[in-house]
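Visitor: Dropping in upload_38.txt, with compact mmCIF, N, CA and C atoms.
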# COMPACT_ATOMS: atom_id res chain seq x y z
N MET A 1 -43.80 7.95 134.97
CA MET A 1 -43.05 8.60 133.91
C MET A 1 -44.01 9.48 133.12
N HIS A 2 -43.55 10.63 132.84
CA HIS A 2 -44.36 11.54 132.06
C HIS A 2 -43.56 11.95 130.82
N LEU A 3 -44.07 11.58 129.67
CA LEU A 3 -43.43 11.99 128.42
C LEU A 3 -43.91 13.38 128.06
N SER A 4 -42.99 14.22 127.63
CA SER A 4 -43.40 15.55 127.21
C SER A 4 -44.07 15.47 125.84
N SER A 5 -44.74 16.52 125.47
CA SER A 5 -45.42 16.56 124.18
C SER A 5 -44.43 16.42 123.03
N ASP A 6 -43.24 16.99 123.20
CA ASP A 6 -42.22 16.90 122.15
C ASP A 6 -41.74 15.46 121.97
N GLU A 7 -41.56 14.76 123.10
CA GLU A 7 -41.11 13.37 123.02
C GLU A 7 -42.17 12.49 122.37
N LYS A 8 -43.43 12.73 122.72
CA LYS A 8 -44.51 11.96 122.10
C LYS A 8 -44.60 12.26 120.61
N ALA A 9 -44.49 13.54 120.25
CA ALA A 9 -44.55 13.92 118.84
C ALA A 9 -43.42 13.27 118.05
N GLU A 10 -42.25 13.16 118.67
CA GLU A 10 -41.11 12.52 118.02
C GLU A 10 -41.38 11.02 117.79
N ILE A 11 -41.97 10.37 118.78
CA ILE A 11 -42.33 8.96 118.64
C ILE A 11 -43.37 8.78 117.55
N PHE A 12 -44.40 9.64 117.55
CA PHE A 12 -45.46 9.53 116.56
C PHE A 12 -44.94 9.81 115.15
N GLU A 13 -44.00 10.75 115.04
CA GLU A 13 -43.44 11.07 113.72
C GLU A 13 -42.59 9.91 113.20
N LYS A 14 -41.85 9.28 114.10
CA LYS A 14 -40.96 8.20 113.68
C LYS A 14 -41.72 6.93 113.31
N TYR A 15 -42.72 6.57 114.09
CA TYR A 15 -43.40 5.29 113.88
C TYR A 15 -44.78 5.42 113.25
N GLY A 16 -45.38 6.60 113.35
CA GLY A 16 -46.69 6.80 112.75
C GLY A 16 -46.58 7.43 111.38
N LYS A 17 -47.65 8.08 110.97
CA LYS A 17 -47.67 8.72 109.66
C LYS A 17 -47.31 10.20 109.73
N GLY A 18 -47.12 10.74 110.92
CA GLY A 18 -46.77 12.14 111.10
C GLY A 18 -46.80 12.50 112.57
N LYS A 19 -46.53 13.77 112.87
CA LYS A 19 -46.49 14.21 114.28
C LYS A 19 -47.85 14.10 114.96
N THR A 20 -48.91 14.27 114.19
CA THR A 20 -50.24 14.27 114.79
C THR A 20 -50.94 12.93 114.67
N ASP A 21 -50.26 11.92 114.16
CA ASP A 21 -50.86 10.59 114.01
C ASP A 21 -50.74 9.85 115.33
N THR A 22 -51.74 10.02 116.18
CA THR A 22 -51.70 9.39 117.49
C THR A 22 -52.56 8.13 117.54
N GLY A 23 -53.30 7.85 116.49
CA GLY A 23 -54.26 6.75 116.55
C GLY A 23 -53.86 5.50 115.83
N SER A 24 -52.84 5.55 115.00
CA SER A 24 -52.49 4.34 114.26
C SER A 24 -51.90 3.30 115.22
N PRO A 25 -52.11 2.03 114.93
CA PRO A 25 -51.59 0.99 115.82
C PRO A 25 -50.08 1.06 115.98
N GLU A 26 -49.37 1.39 114.91
CA GLU A 26 -47.92 1.46 115.00
C GLU A 26 -47.46 2.52 116.00
N ALA A 27 -48.11 3.69 115.95
CA ALA A 27 -47.75 4.77 116.86
C ALA A 27 -48.08 4.40 118.31
N GLN A 28 -49.22 3.77 118.52
CA GLN A 28 -49.61 3.39 119.87
C GLN A 28 -48.69 2.29 120.40
N ILE A 29 -48.32 1.34 119.57
CA ILE A 29 -47.41 0.28 119.99
C ILE A 29 -46.07 0.86 120.38
N ALA A 30 -45.57 1.82 119.60
CA ALA A 30 -44.29 2.45 119.92
C ALA A 30 -44.36 3.20 121.25
N LEU A 31 -45.45 3.92 121.47
CA LEU A 31 -45.61 4.65 122.72
C LEU A 31 -45.70 3.69 123.91
N PHE A 32 -46.47 2.62 123.76
CA PHE A 32 -46.55 1.63 124.82
C PHE A 32 -45.19 0.99 125.09
N SER A 33 -44.41 0.75 124.05
CA SER A 33 -43.10 0.12 124.23
C SER A 33 -42.16 1.01 125.03
N VAL A 34 -42.20 2.31 124.78
CA VAL A 34 -41.37 3.24 125.55
C VAL A 34 -41.79 3.24 127.01
N ARG A 35 -43.10 3.26 127.26
CA ARG A 35 -43.60 3.24 128.63
C ARG A 35 -43.28 1.91 129.31
N ILE A 36 -43.37 0.80 128.60
CA ILE A 36 -43.05 -0.52 129.16
C ILE A 36 -41.59 -0.59 129.56
N ALA A 37 -40.71 -0.05 128.71
CA ALA A 37 -39.28 -0.06 129.02
C ALA A 37 -39.00 0.75 130.29
N HIS A 38 -39.67 1.88 130.43
CA HIS A 38 -39.46 2.70 131.62
C HIS A 38 -39.95 1.99 132.88
N LEU A 39 -41.14 1.40 132.81
CA LEU A 39 -41.68 0.71 133.98
C LEU A 39 -40.84 -0.52 134.34
N THR A 40 -40.30 -1.19 133.35
CA THR A 40 -39.44 -2.35 133.61
C THR A 40 -38.20 -1.94 134.37
N ASP A 41 -37.57 -0.82 133.95
CA ASP A 41 -36.41 -0.32 134.67
C ASP A 41 -36.76 0.07 136.10
N HIS A 42 -37.92 0.68 136.27
CA HIS A 42 -38.37 1.08 137.61
C HIS A 42 -38.55 -0.14 138.51
N LEU A 43 -39.12 -1.20 137.96
CA LEU A 43 -39.39 -2.39 138.78
C LEU A 43 -38.12 -3.17 139.11
N LYS A 44 -37.06 -2.97 138.36
CA LYS A 44 -35.81 -3.64 138.70
C LYS A 44 -35.25 -3.16 140.03
N SER A 45 -35.47 -1.89 140.32
CA SER A 45 -34.97 -1.37 141.59
C SER A 45 -36.05 -1.28 142.66
N ASN A 46 -37.31 -1.39 142.28
CA ASN A 46 -38.42 -1.32 143.23
C ASN A 46 -39.32 -2.53 143.05
N HIS A 47 -38.81 -3.69 143.40
CA HIS A 47 -39.51 -4.93 143.09
C HIS A 47 -40.79 -5.14 143.90
N LYS A 48 -40.99 -4.38 144.96
CA LYS A 48 -42.22 -4.53 145.75
C LYS A 48 -43.31 -3.53 145.37
N ASP A 49 -43.10 -2.79 144.31
CA ASP A 49 -44.07 -1.81 143.85
C ASP A 49 -45.14 -2.55 143.03
N TYR A 50 -46.13 -3.05 143.73
CA TYR A 50 -47.12 -3.93 143.10
C TYR A 50 -48.07 -3.18 142.18
N SER A 51 -48.37 -1.93 142.47
CA SER A 51 -49.27 -1.18 141.60
C SER A 51 -48.60 -0.89 140.25
N THR A 52 -47.31 -0.65 140.27
CA THR A 52 -46.59 -0.46 139.01
C THR A 52 -46.49 -1.77 138.25
N ALA A 53 -46.33 -2.86 138.94
CA ALA A 53 -46.29 -4.17 138.28
C ALA A 53 -47.62 -4.46 137.61
N ARG A 54 -48.70 -4.10 138.26
CA ARG A 54 -50.03 -4.31 137.67
C ARG A 54 -50.21 -3.42 136.44
N ALA A 55 -49.76 -2.19 136.52
CA ALA A 55 -49.86 -1.27 135.38
C ALA A 55 -49.01 -1.77 134.21
N LEU A 56 -47.85 -2.34 134.52
CA LEU A 56 -46.99 -2.88 133.48
C LEU A 56 -47.67 -4.05 132.77
N LYS A 57 -48.30 -4.92 133.53
CA LYS A 57 -49.01 -6.05 132.93
C LYS A 57 -50.15 -5.58 132.04
N ALA A 58 -50.84 -4.53 132.46
CA ALA A 58 -51.93 -3.98 131.66
C ALA A 58 -51.40 -3.39 130.35
N LEU A 59 -50.29 -2.68 130.42
CA LEU A 59 -49.69 -2.10 129.20
C LEU A 59 -49.22 -3.18 128.24
N VAL A 60 -48.62 -4.23 128.77
CA VAL A 60 -48.16 -5.33 127.92
C VAL A 60 -49.37 -5.98 127.24
N GLY A 61 -50.47 -6.12 127.97
CA GLY A 61 -51.68 -6.69 127.38
C GLY A 61 -52.26 -5.82 126.29
N LYS A 62 -52.27 -4.50 126.51
CA LYS A 62 -52.77 -3.58 125.48
C LYS A 62 -51.91 -3.66 124.22
N ARG A 63 -50.59 -3.69 124.42
CA ARG A 63 -49.69 -3.76 123.27
C ARG A 63 -49.88 -5.09 122.53
N ARG A 64 -50.08 -6.17 123.26
CA ARG A 64 -50.29 -7.48 122.64
C ARG A 64 -51.57 -7.48 121.82
N ARG A 65 -52.64 -6.88 122.34
CA ARG A 65 -53.90 -6.81 121.60
C ARG A 65 -53.75 -5.99 120.33
N LEU A 66 -53.00 -4.90 120.39
CA LEU A 66 -52.76 -4.11 119.18
C LEU A 66 -51.94 -4.89 118.15
N LEU A 67 -50.96 -5.64 118.63
CA LEU A 67 -50.16 -6.46 117.71
C LEU A 67 -51.01 -7.56 117.08
N ASP A 68 -51.90 -8.15 117.87
CA ASP A 68 -52.81 -9.17 117.32
C ASP A 68 -53.74 -8.57 116.28
N TYR A 69 -54.20 -7.34 116.53
CA TYR A 69 -55.04 -6.63 115.56
C TYR A 69 -54.29 -6.43 114.25
N LEU A 70 -53.02 -6.03 114.35
CA LEU A 70 -52.23 -5.83 113.13
C LEU A 70 -52.01 -7.13 112.38
N ILE A 71 -51.84 -8.23 113.09
CA ILE A 71 -51.68 -9.52 112.42
C ILE A 71 -52.93 -9.84 111.60
N ARG A 72 -54.10 -9.59 112.19
CA ARG A 72 -55.35 -9.89 111.49
C ARG A 72 -55.60 -8.97 110.31
N LYS A 73 -55.27 -7.68 110.46
CA LYS A 73 -55.62 -6.69 109.44
C LYS A 73 -54.58 -6.57 108.33
N ASP A 74 -53.30 -6.51 108.70
CA ASP A 74 -52.26 -6.29 107.70
C ASP A 74 -50.94 -6.88 108.20
N ILE A 75 -50.62 -8.06 107.73
CA ILE A 75 -49.43 -8.78 108.21
C ILE A 75 -48.14 -8.03 107.87
N ASN A 76 -48.13 -7.27 106.79
CA ASN A 76 -46.92 -6.54 106.41
C ASN A 76 -46.61 -5.41 107.38
N ARG A 77 -47.65 -4.72 107.85
CA ARG A 77 -47.44 -3.67 108.85
C ARG A 77 -46.96 -4.28 110.16
N TYR A 78 -47.48 -5.46 110.51
CA TYR A 78 -47.04 -6.17 111.72
C TYR A 78 -45.56 -6.52 111.62
N ARG A 79 -45.17 -7.07 110.49
CA ARG A 79 -43.76 -7.45 110.29
C ARG A 79 -42.85 -6.23 110.34
N ALA A 80 -43.33 -5.10 109.82
CA ALA A 80 -42.53 -3.88 109.84
C ALA A 80 -42.31 -3.38 111.26
N ILE A 81 -43.34 -3.44 112.09
CA ILE A 81 -43.20 -2.94 113.47
C ILE A 81 -42.35 -3.92 114.30
N ILE A 82 -42.44 -5.21 114.03
CA ILE A 82 -41.61 -6.19 114.74
C ILE A 82 -40.14 -6.04 114.35
N ALA A 83 -39.89 -5.63 113.12
CA ALA A 83 -38.52 -5.48 112.64
C ALA A 83 -37.80 -4.31 113.30
N GLN A 84 -38.52 -3.41 113.92
CA GLN A 84 -37.92 -2.26 114.61
C GLN A 84 -37.26 -2.76 115.89
N LYS A 85 -35.96 -2.93 115.86
CA LYS A 85 -35.24 -3.51 117.01
C LYS A 85 -35.22 -2.59 118.23
N GLU A 86 -35.30 -1.27 118.02
CA GLU A 86 -35.23 -0.38 119.17
C GLU A 86 -36.48 -0.41 120.03
N LEU A 87 -37.59 -0.97 119.52
CA LEU A 87 -38.79 -1.11 120.33
C LEU A 87 -38.70 -2.31 121.27
N GLY A 88 -37.88 -3.27 120.94
CA GLY A 88 -37.70 -4.42 121.82
C GLY A 88 -38.83 -5.41 121.80
N ILE A 89 -39.57 -5.45 120.68
CA ILE A 89 -40.67 -6.39 120.57
C ILE A 89 -40.16 -7.64 119.87
N ARG A 90 -40.49 -8.78 120.42
CA ARG A 90 -40.12 -10.04 119.75
C ARG A 90 -41.32 -10.95 119.72
N LYS A 91 -41.33 -11.81 118.78
CA LYS A 91 -42.47 -12.73 118.65
C LYS A 91 -42.03 -14.11 119.04
Translate this file's structure into structure tokens.

Guide:
Amino acid sequence: MHLSSDEKAEIFEKYGKGKTDTGSPEAQIALFSVRIAHLTDHLKSNHKDYSTARALKALVGKRRRLLDYLIRKDINRYRAIIAQKELGIRK
């Protein structure tokens, strides 16, 4: 899946601090969540695609580490990102 620059900017604007905020944990978590959702749909119809399954596991791990970082640094920001139901993150 390839997200266009406009789609990424929209994600960063909605979850980050602005269109160019690509480094905040919230923006990265949102971007990873969109990619995870796409790979999950792909694997439902292509269950033998092992390289995609491995990439999905790596993305889930990256997102988990970012969420753990937010728990340690600022619990309120963590709760705010978990409350976003459209990202599909649950604890």

Visitor: Measuring between only N, CA and C atoms, which one of A:Ala9, A:Ser33, A:His2, A:Gly23 shows the shortest distance to Gly88 in chain A?

Guide: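 For Gly88 in chain A, the nearest of the candidates is A:Ser33.
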
Visitor: Just how far from CA of Lys85 in chain A is CA of Ser5 in chain A, in Å to one decimal?

Guide: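 Rounded to one decimal, the two atoms are 23.6 Å apart.
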
Visitor: Just the residues within 7 Å of Ala27 in chain A, please, counting only N, CA and C atoms, with nothing from its chain fewer than 2 positions along; format it as an MDAnalysis selection string.

Guide: chainID A and resid 11:12 15:17 21:25 29:32

Visitor: For the structure I just gave you, how does DSSP split chain A - specifically, which residues are alpha helix (DSSP H)? Reply as a VMD selection string.

Guide: chain A and resid 5 to 15 25 to 45 50 to 73 75 to 82

Visitor: With only N, CA and C atoms as the basis for distance, which of A:Lys48, A:Leu56, A:Lys19, A:Glu7 is at the shortest distance from Arg35 in chain A?

Guide: A:Leu56

Visitor: For a test of reading the model, state the distance in Å between CA of Ala83 in chain A and CA of Leu39 in chain A, rounded to one decimal.

Guide: 22.4 Å

Visitor: Can you work out the spacing between atom N of Tyr78 in chain A and atom N of Thr20 in chain A in Å, to one decimal?

Guide: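 Value for the atom N of Tyr78 in chain A-atom N of Thr20 in chain A distance: 20.1 Å.
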
Visitor: Mind working out the centre and edge lengths of an axis-aligned box for range 10-27 of chain A, all listed atoms inside, 3 Å added to each side, rounded to one decimal in Å and written as AutoDock Vina command-line options?

Guide:
--center_x -47.6 --center_y 7.6 --center_z 114.2 --size_x 19.3 --size_y 19.3 --size_z 15.1

Visitor: My structure is short of atoms at range 55-66 of chain A; please model all heavy atoms there, returning them as a CSV table (one decimal), in the coordinates of the input.

Guide:
chain,number,residue,atom,x,y,z
A,55,ALA,N,-49.8,-2.2,136.5
A,55,ALA,CA,-49.9,-1.3,135.4
A,55,ALA,C,-49.0,-1.8,134.2
A,55,ALA,O,-49.4,-1.7,133.0
A,55,ALA,CB,-49.4,0.1,135.8
A,56,LEU,N,-47.8,-2.3,134.5
A,56,LEU,CA,-47.0,-2.9,133.5
A,56,LEU,C,-47.7,-4.0,132.8
A,56,LEU,O,-47.6,-4.1,131.5
A,56,LEU,CB,-45.7,-3.3,134.1
A,56,LEU,CG,-44.7,-4.0,133.1
A,56,LEU,CD1,-44.2,-3.1,132.0
A,56,LEU,CD2,-43.5,-4.5,133.9
A,57,LYS,N,-48.3,-4.9,133.5
A,57,LYS,CA,-49.0,-6.0,132.9
A,57,LYS,C,-50.2,-5.6,132.0
A,57,LYS,O,-50.4,-6.1,131.0
A,57,LYS,CB,-49.5,-7.0,134.0
A,57,LYS,CG,-48.5,-7.8,134.7
A,57,LYS,CD,-49.0,-8.6,135.9
A,57,LYS,CE,-47.9,-9.2,136.7
A,57,LYS,NZ,-48.4,-9.8,137.9
A,58,ALA,N,-50.8,-4.5,132.5
A,58,ALA,CA,-51.9,-4.0,131.7
A,58,ALA,C,-51.4,-3.4,130.4
A,58,ALA,O,-52.0,-3.6,129.3
A,58,ALA,CB,-52.7,-2.9,132.4
A,59,LEU,N,-50.3,-2.7,130.4
A,59,LEU,CA,-49.7,-2.1,129.2
A,59,LEU,C,-49.2,-3.2,128.2
A,59,LEU,O,-49.4,-3.1,127.0
A,59,LEU,CB,-48.5,-1.2,129.6
A,59,LEU,CG,-48.8,0.2,129.9
A,59,LEU,CD1,-47.5,1.0,130.3
A,59,LEU,CD2,-49.4,0.9,128.7
A,60,VAL,N,-48.6,-4.2,128.8
A,60,VAL,CA,-48.2,-5.3,127.9
A,60,VAL,C,-49.4,-6.0,127.2
A,60,VAL,O,-49.3,-6.3,126.1
A,60,VAL,CB,-47.3,-6.4,128.7
A,60,VAL,CG1,-47.1,-7.6,127.9
A,60,VAL,CG2,-46.0,-5.7,129.2
A,61,GLY,N,-50.5,-6.1,128.0
A,61,GLY,CA,-51.7,-6.7,127.4
A,61,GLY,C,-52.3,-5.8,126.3
A,61,GLY,O,-52.7,-6.3,125.2
A,62,LYS,N,-52.3,-4.5,126.5
A,62,LYS,CA,-52.8,-3.6,125.5
A,62,LYS,C,-51.9,-3.7,124.2
A,62,LYS,O,-52.4,-3.7,123.1
A,62,LYS,CB,-52.7,-2.1,126.0
A,62,LYS,CG,-53.8,-1.8,126.9
A,62,LYS,CD,-53.7,-0.3,127.3
A,62,LYS,CE,-54.8,0.1,128.2
A,62,LYS,NZ,-54.7,1.6,128.5
A,63,ARG,N,-50.6,-3.7,124.4
A,63,ARG,CA,-49.7,-3.8,123.3
A,63,ARG,C,-49.9,-5.1,122.5
A,63,ARG,O,-49.9,-5.1,121.3
A,63,ARG,CB,-48.2,-3.6,123.7
A,63,ARG,CG,-47.3,-3.6,122.5
A,63,ARG,CD,-45.9,-3.4,123.0
A,63,ARG,NE,-45.3,-4.5,123.7
A,63,ARG,CZ,-44.1,-4.6,124.1
A,63,ARG,NH1,-43.2,-3.6,124.0
A,63,ARG,NH2,-43.7,-5.7,124.8
A,64,ARG,N,-50.1,-6.2,123.3
A,64,ARG,CA,-50.3,-7.5,122.6
A,64,ARG,C,-51.6,-7.5,121.8
A,64,ARG,O,-51.6,-8.0,120.7
A,64,ARG,CB,-50.4,-8.5,123.7
A,64,ARG,CG,-50.6,-10.0,123.3
A,64,ARG,CD,-49.3,-10.5,122.7
A,64,ARG,NE,-49.3,-10.5,121.2
A,64,ARG,CZ,-48.3,-10.5,120.4
A,64,ARG,NH1,-47.1,-10.4,120.9
A,64,ARG,NH2,-48.5,-10.5,119.1
A,65,ARG,N,-52.6,-6.9,122.3
A,65,ARG,CA,-53.9,-6.8,121.6
A,65,ARG,C,-53.8,-6.0,120.3
A,65,ARG,O,-54.3,-6.4,119.3
A,65,ARG,CB,-55.0,-6.3,122.5
A,65,ARG,CG,-55.5,-7.3,123.5
A,65,ARG,CD,-56.8,-6.8,124.2
A,65,ARG,NE,-56.6,-5.6,125.0
A,65,ARG,CZ,-56.2,-5.5,126.2
A,65,ARG,NH1,-55.9,-6.7,126.9
A,65,ARG,NH2,-56.1,-4.4,126.9
A,66,LEU,N,-53.0,-4.9,120.4
A,66,LEU,CA,-52.8,-4.1,119.2
A,66,LEU,C,-51.9,-4.9,118.2
A,66,LEU,O,-52.2,-4.8,116.9
A,66,LEU,CB,-52.1,-2.8,119.5
A,66,LEU,CG,-52.9,-1.7,120.1
A,66,LEU,CD1,-52.1,-0.5,120.5
A,66,LEU,CD2,-53.9,-1.2,119.0
